[in-house]
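Asker: The following block contains the structure, expressed as structure tokens.
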Amino acid sequence: MNTLSAVPTARLFPSIWKLIRLRLLLNWNAFKHAKIGRKIGTILLVILAVAFTGFIFFLSWLLLGFLRSANLTRYVGFNVAPFLQSVPVLIFALIFLGILFSSFGVLLQALYLSGDMDFLLTSPVPIRAVFVTKLLQAVLPSFGLAALFGLPVLYGLGITGHYNLLYYPLVLLSMIAVTLAAAGLSALLVMLVARLFPPRRVAEVLGFLTATLSILCSQSGNLFNSLGRNVTISGSQVNGAFALLMRFNTPWNPLSWAGNGLVALGEGRWLTGLGLVALILGLCALAFSFALVTAEHWYFSGWAGMQVVAYKKKPIRPARAHSASAQPVQENTNLAGAQMSRLLPAPVRAIVQKDFLLMRRDIRNLSQLVTPLIFGVFYTFIFLRPGGSLFPDNPANPTIFSTISHLISSYGNIGMSLFVGWMLLSRLAGMAFSAEGKNYWMLKASPVRSAYLLTAKFLVAYLPTLALGVIFMVAVSILQKASLASFLYGLLATAMCQAGMSGILLAFGVAGANFNWTDPRRMNAGVIGCLGQILTGLFLPISFGFFIGPLLLAAVFNWPQIYGYLAGAVVGVTVSAACALLPPWLVQKRVERLDEN
Amino acid sequence: MANSATLIETQALVKRYGDKLAVNNVSFEVQAGEVFGFLGPNGAGKTTTIKMIVGLLQPTSGTIRVAGYDVQTQPLLAKAASGYVPDTPNLYAKLTGRELLRFVGDLYSLDRQRLAQRTEELLRVLDLNEAADNTIDSYSHGMQQKASLAAALMHDPKVLVLDEPTVGLDPKSARLIKDILRQMADRGTAVFLSTHILEIAERMCDRIGIIDKGALVAVGTMNELRSLGKAGETSLEDIFLGLTGGAEEAAISEILR
């Protein structure tokens, strides 16, 4: 008889604790076996987070104390007390909505795409325990962030308002309750979406949208700053903002109940306070329980649904359902492809076509490529807007400064094009080899020369960047009404500098190639790759200088402009071509030994 | 066996990872038309040896010749003559099966007509026709394994190297792959495969090599291996366990009691 067999406990809380302990153990092991630099970094991060919390608490205490002073009310003629009472309402509403939406991606990953689901689902642990643990694991970072910013403000508000002691533990309790309710609803939303669409695809689209929105938001700030140098905020606008905030704080809005209840409790209005806090805690418990029960039901069907979606066969397209004699290989052959097949050896062409195909099909790649495009559009707009000249005319300046500034302004489009190209190349060339990931064995086991591999990867990085640079140059030259000579020279400079950057970044990408990743967003070329980015960041103005320097000299010494063009072309093309060819040539031997560790 | 030309030859092959000796002085030959089974416990050095044969790893010392070409000094010629199926089919997930085969055909510089013909043949033979225009991330493990085999067969290699080719396959697919390998061998290809399934090795392989702790402890036909084992050890399982230290039966009984 097997004496080891035992009926495992199916109780909820011990199971949750077991799973949490497992997670803690994994984190502890990751920390214990990390490199010393990473360990120090983690410890410093924790210390910084604690210090930051203390700083926010101190700041909010000072600020709120100042806002509550009677002198201020007399001086500005505006009573800020109602606004201060609305602060907890705003914080709790932000926590609820923030966690509801920000948890979506994390929960999608944790519930449907993490590798441990098979193991957990087949182990004798209640499914509810798995769900709760995944939920806690997913919302903990968001909750930490909310607590980092929210708690000091709420506690600062309590101290400056002399709220009673019950306020403080209830703030924390309410924050936990609101977080759990939001996370539970978010999990249900995830399961609903997972029933309709393949979770992996949803994660890819979400990643793309998040990356695009983040870049848009960050750059729109720069754009508004640049456009709105003279914008001032009037007192009426501030009052309007306060009024808007207070309009949000209405009794029928459930998002305001937690904040209002806590303030009422703190101020000693016991009936209203306890009633509202009890109501919100009850509602949160109800929402969380509902999410738990429903999730338990949906989880299995959602999971099973995902498997079905993942292996669902697409209908066979009639055009493809033919015999060998139809030669399907030629179906995708277009004019450009035919040209390319004549110019390039078959392996190079195959790798280039494959990489472009994968770049287009994997939306996670696009989310990285969209960054330089947004940067390009924003900065071009800033550069070309009326009055956006880098060096505004000033009669007091010496003529030589004026000449130089006009020259730089008229060739500033090259600099802008190179900057956008640099960002694009950092991804395309710097990670050209790393992008192969675990599929690299296919290239390595095939009879492809390392020179062919480097050529293919160079083209995959260079061609889209060049195309973007040309489009950019054409658009800017038309808008700036640039001369043909200036346009052609700019085109040559852009093409050659980008080629130089491609060569350098490609070589550093080889040196730091990393094939062990599963998510393209986590692919990187390590410290060496970063060094490549820094070096090309330096190469960019230098190569630009080689092209524009002779033009400046010609302008300063009043030589014919053609001399400047010729000298710039010779020096710039030589340096750029050397940078395009030499670094890849130097790492050619290394390519043969890649992925052997 | 179709003929007796040596297509895989390793001599005093050594691979070290720092202090760890992964492969220690391994020498063997595989002839044309032969199916050679490579057996060994987990971590014995099977995959490392295979990766050196197909040019994915450089040996620390020793030589490997594939189809007469030295893998270290003539890697392109050696690779052009061999096909490789890894233990985990890591294939480009966002390519369709047909695109993958076309890509591999181009890597081996097959002409367009041959490429088209070979693609359709392999898709049909390996029963991947229906899924040929679906991306590989929608394939089951078995389909990915078959796609990986199709990719290895695209250029009709003289040497076929397979690392655990039947793991995770249903009986029908496993049988299909076994039949293909046998036919390849009958046509003169040298088939080198590692496996944990001793029944496959016993039934399919003309000769078997057993590796343990990085060293080749036995090579030969089933009859030759039987003569190496103790009296009464007639099955490959007994011979394998006898040569590699075997299972600690007493300890197992103690645990299961």
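Naming works like this for the structure tokens: A, B, ... for the chains as they're shown, residue 1 at the start of each chain, ligands 1 onward in shown order.
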Against chain A, which residues of chain B fall within 8 Å? For each one I want the closest pair of atoms and the distance in Å (one decimal), counting only C-alpha atoms, rows by chain and increasing residue number, as a Markdown table.

Answerer:
| residue | atom | partner | partner_atom | distance |
| --- | --- | --- | --- | --- |
| B:Val54 | CA | A:Ala445 | CA | 6.2 |
| B:Gly55 | CA | A:Ala445 | CA | 6.2 |
| B:Leu56 | CA | A:Ala445 | CA | 6.1 |
| B:Leu57 | CA | A:Glu596 | CA | 5.6 |
| B:Gln58 | CA | A:Glu596 | CA | 7.7 |
| B:Pro75 | CA | A:Pro447 | CA | 7.4 |
| B:Leu76 | CA | A:Pro447 | CA | 4.5 |
| B:Leu77 | CA | A:Pro447 | CA | 6.9 |
| B:Ala78 | CA | A:Pro447 | CA | 7.9 |
| B:Lys79 | CA | A:Pro447 | CA | 5.1 |
| B:Ala80 | CA | A:Pro447 | CA | 5.2 |
| B:Tyr84 | CA | A:Ala445 | CA | 7.4 |
| B:Asn90 | CA | A:Asn439 | CA | 5.5 |
| B:Leu91 | CA | A:Asn439 | CA | 5.6 |
| B:Tyr92 | CA | A:Asn439 | CA | 6.3 |
| B:Lys94 | CA | A:Leu358 | CA | 6.0 |
| B:Leu95 | CA | A:Leu358 | CA | 7.1 |
| B:Arg102 | CA | A:Val329 | CA | 6.9 |
| B:Phe103 | CA | A:Ala350 | CA | 5.5 |
| B:Asp106 | CA | A:Ala346 | CA | 5.3 |
| B:Leu107 | CA | A:Pro347 | CA | 4.3 |
| B:Tyr108 | CA | A:Pro447 | CA | 6.5 |
| B:Ser109 | CA | A:Ala346 | CA | 5.6 |
| B:Arg112 | CA | A:Val329 | CA | 7.2 |
| B:Gln113 | CA | A:Gln327 | CA | 7.1 |
| B:Leu115 | CA | A:Val329 | CA | 7.6 |
| B:Ala116 | CA | A:Gln327 | CA | 5.2 |
| B:Gln117 | CA | A:Ala324 | CA | 5.4 |
| B:Thr119 | CA | A:Ala324 | CA | 8.0 |
| B:Glu120 | CA | A:Ala324 | CA | 5.2 |
| B:Glu121 | CA | A:Ala324 | CA | 7.2 |
| B:Glu130 | CA | A:Ile316 | CA | 6.8 |
| B:Ala131 | CA | A:Lys313 | CA | 7.0 |
| B:Asp133 | CA | A:Ile316 | CA | 7.5 |
| B:Asn134 | CA | A:Lys314 | CA | 6.7 |
| B:Asp137 | CA | A:Ala310 | CA | 7.9 |
| B:Ser138 | CA | A:Tyr311 | CA | 5.0 |
| B:Tyr139 | CA | A:Tyr311 | CA | 6.3 |
| B:Ser140 | CA | A:Tyr311 | CA | 7.0 |
| B:Leu256 | CA | A:Asn2 | CA | 6.1 |
| B:Arg257 | CA | A:Asn2 | CA | 5.7 |

Asker: Could you write out that same residue set with N, CA and C atoms as a short mmCIF file (atom, residue, chain, number, x, y, z; two decimals), in the first residue's frame?

Answerer:
data_model
loop_
_atom_site.label_atom_id
_atom_site.label_comp_id
_atom_site.auth_asym_id
_atom_site.auth_seq_id
_atom_site.Cartn_x
_atom_site.Cartn_y
_atom_site.Cartn_z
N VAL B 54 25.65 19.01 -36.33
CA VAL B 54 24.96 19.88 -37.30
C VAL B 54 25.53 21.30 -37.34
N GLY B 55 26.59 21.53 -36.58
CA GLY B 55 27.28 22.82 -36.65
C GLY B 55 26.70 23.91 -35.78
N LEU B 56 25.86 23.53 -34.81
CA LEU B 56 25.31 24.55 -33.91
C LEU B 56 26.28 24.84 -32.76
N LEU B 57 27.17 23.91 -32.48
CA LEU B 57 28.16 24.10 -31.42
C LEU B 57 29.54 23.74 -31.96
N GLN B 58 30.54 24.46 -31.51
CA GLN B 58 31.91 24.13 -31.89
C GLN B 58 32.46 23.16 -30.86
N PRO B 75 32.15 24.32 -43.02
CA PRO B 75 30.82 24.24 -42.41
C PRO B 75 29.67 24.36 -43.40
N LEU B 76 29.85 25.21 -44.43
CA LEU B 76 28.73 25.43 -45.36
C LEU B 76 28.42 24.17 -46.16
N LEU B 77 29.48 23.48 -46.58
CA LEU B 77 29.28 22.26 -47.37
C LEU B 77 28.67 21.16 -46.49
N ALA B 78 29.17 21.10 -45.25
CA ALA B 78 28.64 20.09 -44.33
C ALA B 78 27.17 20.36 -44.01
N LYS B 79 26.85 21.63 -43.80
CA LYS B 79 25.46 21.98 -43.48
C LYS B 79 24.54 21.76 -44.68
N ALA B 80 25.07 22.02 -45.87
CA ALA B 80 24.26 21.83 -47.08
C ALA B 80 23.89 20.36 -47.27
N TYR B 84 18.34 18.85 -40.06
CA TYR B 84 18.31 18.71 -38.60
C TYR B 84 16.91 18.95 -38.07
N ASN B 90 11.26 24.85 -32.35
CA ASN B 90 11.15 26.31 -32.34
C ASN B 90 11.17 26.82 -33.78
N LEU B 91 9.99 27.11 -34.28
CA LEU B 91 9.87 27.57 -35.67
C LEU B 91 9.30 28.99 -35.65
N TYR B 92 9.46 29.70 -36.75
CA TYR B 92 8.93 31.07 -36.80
C TYR B 92 7.40 31.03 -36.69
N LYS B 94 5.00 33.13 -36.71
CA LYS B 94 4.10 33.94 -37.54
C LYS B 94 4.25 33.67 -39.03
N LEU B 95 5.01 32.63 -39.37
CA LEU B 95 5.04 32.21 -40.78
C LEU B 95 4.04 31.07 -40.94
N ARG B 102 9.17 27.41 -47.90
CA ARG B 102 9.73 28.24 -48.97
C ARG B 102 10.99 28.96 -48.47
N PHE B 103 10.91 29.46 -47.24
CA PHE B 103 12.05 30.14 -46.63
C PHE B 103 13.25 29.20 -46.53
N ASP B 106 14.81 28.47 -49.83
CA ASP B 106 15.66 29.57 -50.29
C ASP B 106 16.99 29.59 -49.55
N LEU B 107 16.97 29.24 -48.26
CA LEU B 107 18.23 29.20 -47.51
C LEU B 107 19.19 28.18 -48.13
N TYR B 108 18.61 27.10 -48.67
CA TYR B 108 19.43 26.06 -49.31
C TYR B 108 19.57 26.30 -50.81
N SER B 109 19.12 27.48 -51.25
CA SER B 109 19.24 27.90 -52.66
C SER B 109 18.64 26.90 -53.65
N ARG B 112 13.40 27.51 -58.10
CA ARG B 112 11.99 27.76 -57.82
C ARG B 112 11.09 26.55 -58.10
N GLN B 113 11.36 25.90 -59.22
CA GLN B 113 10.49 24.79 -59.58
C GLN B 113 10.64 23.63 -58.59
N LEU B 115 11.69 23.89 -55.60
CA LEU B 115 11.18 24.35 -54.30
C LEU B 115 9.67 24.15 -54.21
N ALA B 116 8.98 24.57 -55.28
CA ALA B 116 7.52 24.45 -55.30
C ALA B 116 7.09 22.99 -55.23
N GLN B 117 7.76 22.17 -56.00
CA GLN B 117 7.41 20.76 -56.07
C GLN B 117 7.67 20.08 -54.71
N THR B 119 7.90 21.50 -51.75
CA THR B 119 7.00 22.03 -50.72
C THR B 119 5.68 21.25 -50.73
N GLU B 120 5.09 21.15 -51.92
CA GLU B 120 3.80 20.46 -52.02
C GLU B 120 3.90 18.99 -51.65
N GLU B 121 4.99 18.36 -52.09
CA GLU B 121 5.21 16.94 -51.77
C GLU B 121 5.24 16.73 -50.26
N GLU B 130 -3.74 20.76 -45.20
CA GLU B 130 -4.89 21.57 -44.76
C GLU B 130 -4.45 22.79 -43.98
N ALA B 131 -3.37 22.64 -43.20
CA ALA B 131 -2.91 23.73 -42.32
C ALA B 131 -1.79 24.54 -42.95
N ASP B 133 -1.56 26.97 -44.92
CA ASP B 133 -1.66 28.43 -44.99
C ASP B 133 -2.05 29.05 -43.65
N ASN B 134 -1.98 28.25 -42.60
CA ASN B 134 -2.18 28.81 -41.26
C ASN B 134 -0.82 29.08 -40.64
N ASP B 137 1.95 29.28 -35.22
CA ASP B 137 1.52 29.38 -33.82
C ASP B 137 0.14 28.75 -33.60
N SER B 138 -0.56 28.42 -34.68
CA SER B 138 -1.85 27.74 -34.50
C SER B 138 -1.69 26.22 -34.59
N TYR B 139 -0.48 25.74 -34.83
CA TYR B 139 -0.25 24.29 -34.96
C TYR B 139 -0.14 23.63 -33.59
N SER B 140 -0.55 22.36 -33.52
CA SER B 140 -0.32 21.57 -32.31
C SER B 140 1.16 21.17 -32.28
N LEU B 256 7.99 3.21 -3.19
CA LEU B 256 6.63 2.86 -3.59
C LEU B 256 5.92 1.97 -2.57
N ARG B 257 6.67 1.42 -1.63
CA ARG B 257 6.08 0.48 -0.68
C ARG B 257 4.98 1.17 0.14
#

Asker: Would you list, as a PyMOL selection string, the residues of region 41-255 of chain A that end up in alpha helix (DSSP H) under DSSP run on this structure's backbone?

Answerer: chain A and resi 41-68+70-76+81-108+117-122+127-160+167-196+199-227+235-248

Asker: At what distance in Å, to one decimal, does CA of Pro584 (chain A) lie from CA of Leu454 (chain A)?

Answerer: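 If I compute the distance from CA of Leu454 (chain A) to CA of Pro584 (chain A), I get 6.9 Å.
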
Asker: Any idea what's packed within 7 Å of Cys284 (chain A), counting only C-alpha atoms, ignoring anything in its chain fewer than 5 positions away? Could you give it as a list in words?

Answerer: Ala177, Val178 and Ala181 of chain A

Asker: Extract, using only C-alpha atoms, all DNA, RNA and protein residues at most 10 Å from Gln11 (chain B), discarding same-chain residues fewer than 6 positions from it, and format them as a list in words.

Answerer: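 These residues fall inside the cut-off: Asn25, Val26, Ser27, Phe28, Glu29, Ser61, Gly62, Thr63, Ile64 and Arg65 of chain B.
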
Asker: So that I can see what lies close to Thr49 (chain B), please list as a ChimeraX atom specification the residues with an atom at most 9 Å from it, counting only C-alpha atoms and leaving out residues fewer than 5 positions away in the same chain.

Answerer: /B:13-15,22-23,26,54,57,59,214

Asker: Between CA of Gly161 (chain A) and CA of Ile91 (chain A), what is the distance, to one decimal in Å?

Answerer: 16.9 Å

Asker: Show which residues sit within 7 Å of region 144-151 of chain A, as a list in words. Count only C-alpha atoms, and ignore same-chain residues fewer than 4 positions away.

Answerer: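 My reading of the contact set: Thr53, Ile91, Ile95, Leu140 and Tyr155 of chain A.
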
Asker: Find the spatial neighbours of Val30 (chain B), counting only C-alpha atoms, within a cut-off of 7 Å - ignore same-chain residues fewer than 4 positions away - and output them as JSON, numbers by chain.

Answerer: {"B": [6, 7, 8, 9, 34, 36, 190]}

Asker: Kindly export the residues of the current selection with N, CA and C atoms, as an mmCIF file, in the first residue's frame.

Answerer:
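New file again-v9.cif:
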data_model
loop_
_atom_site.group_PDB
_atom_site.id
_atom_site.type_symbol
_atom_site.label_atom_id
_atom_site.label_comp_id
_atom_site.auth_asym_id
_atom_site.auth_seq_id
_atom_site.Cartn_x
_atom_site.Cartn_y
_atom_site.Cartn_z
ATOM 1 N N THR B 6 30.874 6.359 -45.627
ATOM 2 C CA THR B 6 30.720 6.955 -44.298
ATOM 3 C C THR B 6 30.200 8.388 -44.450
ATOM 4 N N LEU B 7 29.047 8.672 -43.870
ATOM 5 C CA LEU B 7 28.470 10.025 -44.011
ATOM 6 C C LEU B 7 28.595 10.860 -42.729
ATOM 7 N N ILE B 8 28.681 10.200 -41.595
ATOM 8 C CA ILE B 8 28.975 10.942 -40.353
ATOM 9 C C ILE B 8 30.171 10.251 -39.704
ATOM 10 N N GLU B 9 31.141 11.061 -39.343
ATOM 11 C CA GLU B 9 32.323 10.488 -38.705
ATOM 12 C C GLU B 9 32.810 11.449 -37.624
ATOM 13 N N GLU B 34 22.120 3.902 -43.341
ATOM 14 C CA GLU B 34 22.044 3.331 -41.996
ATOM 15 C C GLU B 34 21.189 4.223 -41.091
ATOM 16 N N PHE B 36 21.042 5.148 -37.346
ATOM 17 C CA PHE B 36 21.885 5.017 -36.159
ATOM 18 C C PHE B 36 21.138 5.616 -34.964
ATOM 19 N N ALA B 190 21.972 8.796 -44.462
ATOM 20 C CA ALA B 190 22.403 8.372 -43.124
ATOM 21 C C ALA B 190 21.481 9.054 -42.122
#

Asker: Please compute the CA of Ala12 (chain B)-CA of Asn24 (chain B) distance, one decimal, in Å.

Answerer: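 Straight-line distance from CA of Ala12 (chain B) to CA of Asn24 (chain B) works out to 7.6 Å.
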
Asker: How would you write, as a list in words, the set of residues in region 66-217 of chain B that DSSP gives as strand (DSSP E)?

Answerer: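 Residues of region 66-217 of chain B classed as strand (DSSP E): Val66, Tyr69, Asp70, Ser82, Gly83, Tyr84, Val85, Val159, Leu160, Val161, Leu162, Asp163, Ala190, Val191, Phe192, Leu193, Ser194, Arg207, Ile208, Gly209, Ile210, Ile211, Asp212, Ala215, Leu216 and Val217 of chain B.
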
Asker: For the residues in that selection, give me N, CA and C atoms as a JSON list (two decimals), in the first residue's frame.

Answerer:
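See again26.json below for the written result:
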[["chain", "number", "residue", "atom", "x", "y", "z"],
["B", 66, "VAL", "N", 30.89, 15.43, -41.99],
["B", 66, "VAL", "CA", 29.54, 15.12, -42.45],
["B", 66, "VAL", "C", 29.57, 15.08, -43.97],
["B", 69, "TYR", "N", 32.73, 16.23, -45.44],
["B", 69, "TYR", "CA", 33.20, 17.59, -45.19],
["B", 69, "TYR", "C", 33.43, 17.81, -43.70],
["B", 70, "ASP", "N", 34.51, 18.50, -43.40],
["B", 70, "ASP", "CA", 34.83, 18.80, -42.01],
["B", 70, "ASP", "C", 33.89, 19.92, -41.53],
["B", 82, "SER", "N", 23.32, 18.25, -44.73],
["B", 82, "SER", "CA", 22.58, 17.67, -43.60],
["B", 82, "SER", "C", 21.27, 18.39, -43.33],
["B", 83, "GLY", "N", 20.36, 17.65, -42.72],
["B", 83, "GLY", "CA", 19.09, 18.22, -42.27],
["B", 83, "GLY", "C", 18.97, 17.94, -40.79],
["B", 84, "TYR", "N", 18.34, 18.85, -40.06],
["B", 84, "TYR", "CA", 18.31, 18.71, -38.60],
["B", 84, "TYR", "C", 16.91, 18.95, -38.07],
["B", 85, "VAL", "N", 16.47, 18.07, -37.18],
["B", 85, "VAL", "CA", 15.18, 18.24, -36.49],
["B", 85, "VAL", "C", 15.49, 18.31, -34.99],
["B", 159, "VAL", "N", 22.40, 13.50, -45.05],
["B", 159, "VAL", "CA", 22.48, 13.14, -43.63],
["B", 159, "VAL", "C", 21.31, 13.78, -42.91],
["B", 160, "LEU", "N", 20.60, 12.97, -42.16],
["B", 160, "LEU", "CA", 19.47, 13.51, -41.41],
["B", 160, "LEU", "C", 19.72, 13.28, -39.91],
["B", 161, "VAL", "N", 19.71, 14.36, -39.15],
["B", 161, "VAL", "CA", 19.99, 14.26, -37.72],
["B", 161, "VAL", "C", 18.74, 14.67, -36.96],
["B", 162, "LEU", "N", 18.26, 13.80, -36.10],
["B", 162, "LEU", "CA", 17.00, 14.08, -35.38],
["B", 162, "LEU", "C", 17.19, 13.89, -33.88],
["B", 163, "ASP", "N", 16.77, 14.89, -33.12],
["B", 163, "ASP", "CA", 16.88, 14.83, -31.66],
["B", 163, "ASP", "C", 15.49, 14.53, -31.11],
["B", 190, "ALA", "N", 21.97, 8.80, -44.46],
["B", 190, "ALA", "CA", 22.40, 8.37, -43.12],
["B", 190, "ALA", "C", 21.48, 9.05, -42.12],
["B", 191, "VAL", "N", 20.77, 8.26, -41.34],
["B", 191, "VAL", "CA", 19.83, 8.83, -40.36],
["B", 191, "VAL", "C", 20.41, 8.63, -38.96],
["B", 192, "PHE", "N", 20.60, 9.76, -38.27],
["B", 192, "PHE", "CA", 21.15, 9.72, -36.92],
["B", 192, "PHE", "C", 20.08, 10.27, -35.98],
["B", 193, "LEU", "N", 19.60, 9.42, -35.08],
["B", 193, "LEU", "CA", 18.54, 9.93, -34.20],
["B", 193, "LEU", "C", 18.80, 9.58, -32.74],
["B", 194, "SER", "N", 18.46, 10.53, -31.90],
["B", 194, "SER", "CA", 18.54, 10.25, -30.46],
["B", 194, "SER", "C", 17.12, 9.95, -29.99],
["B", 207, "ARG", "N", 22.15, 0.26, -36.17],
["B", 207, "ARG", "CA", 23.18, 0.24, -35.12],
["B", 207, "ARG", "C", 22.79, 1.23, -34.04],
["B", 208, "ILE", "N", 23.33, 0.99, -32.86],
["B", 208, "ILE", "CA", 22.97, 1.83, -31.71],
["B", 208, "ILE", "C", 24.25, 2.24, -30.98],
["B", 209, "GLY", "N", 24.29, 3.52, -30.57],
["B", 209, "GLY", "CA", 25.39, 3.99, -29.74],
["B", 209, "GLY", "C", 24.82, 4.40, -28.39],
["B", 210, "ILE", "N", 25.48, 4.00, -27.31],
["B", 210, "ILE", "CA", 24.99, 4.38, -25.97],
["B", 210, "ILE", "C", 26.01, 5.30, -25.32],
["B", 211, "ILE", "N", 25.54, 6.48, -24.94],
["B", 211, "ILE", "CA", 26.42, 7.47, -24.33],
["B", 211, "ILE", "C", 26.02, 7.63, -22.86],
["B", 212, "ASP", "N", 27.00, 7.72, -22.01],
["B", 212, "ASP", "CA", 26.72, 7.93, -20.58],
["B", 212, "ASP", "C", 27.79, 8.84, -20.00],
["B", 215, "ALA", "N", 30.59, 9.99, -22.31],
["B", 215, "ALA", "CA", 31.46, 9.03, -23.00],
["B", 215, "ALA", "C", 30.62, 7.96, -23.70],
["B", 216, "LEU", "N", 31.06, 7.56, -24.86],
["B", 216, "LEU", "CA", 30.36, 6.51, -25.61],
["B", 216, "LEU", "C", 30.73, 5.16, -24.97],
["B", 217, "VAL", "N", 29.74, 4.49, -24.38],
["B", 217, "VAL", "CA", 30.07, 3.26, -23.66],
["B", 217, "VAL", "C", 29.85, 2.01, -24.52]]

Asker: Would you please work out which residue, of B:Cys205, B:Val104, B:Ile53, B:Leu241, is nearest to Ala185 (chain B) when using only C-alpha atoms?

Answerer: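 The shortest atom-to-atom distance to Ala185 (chain B) comes from B:Cys205.
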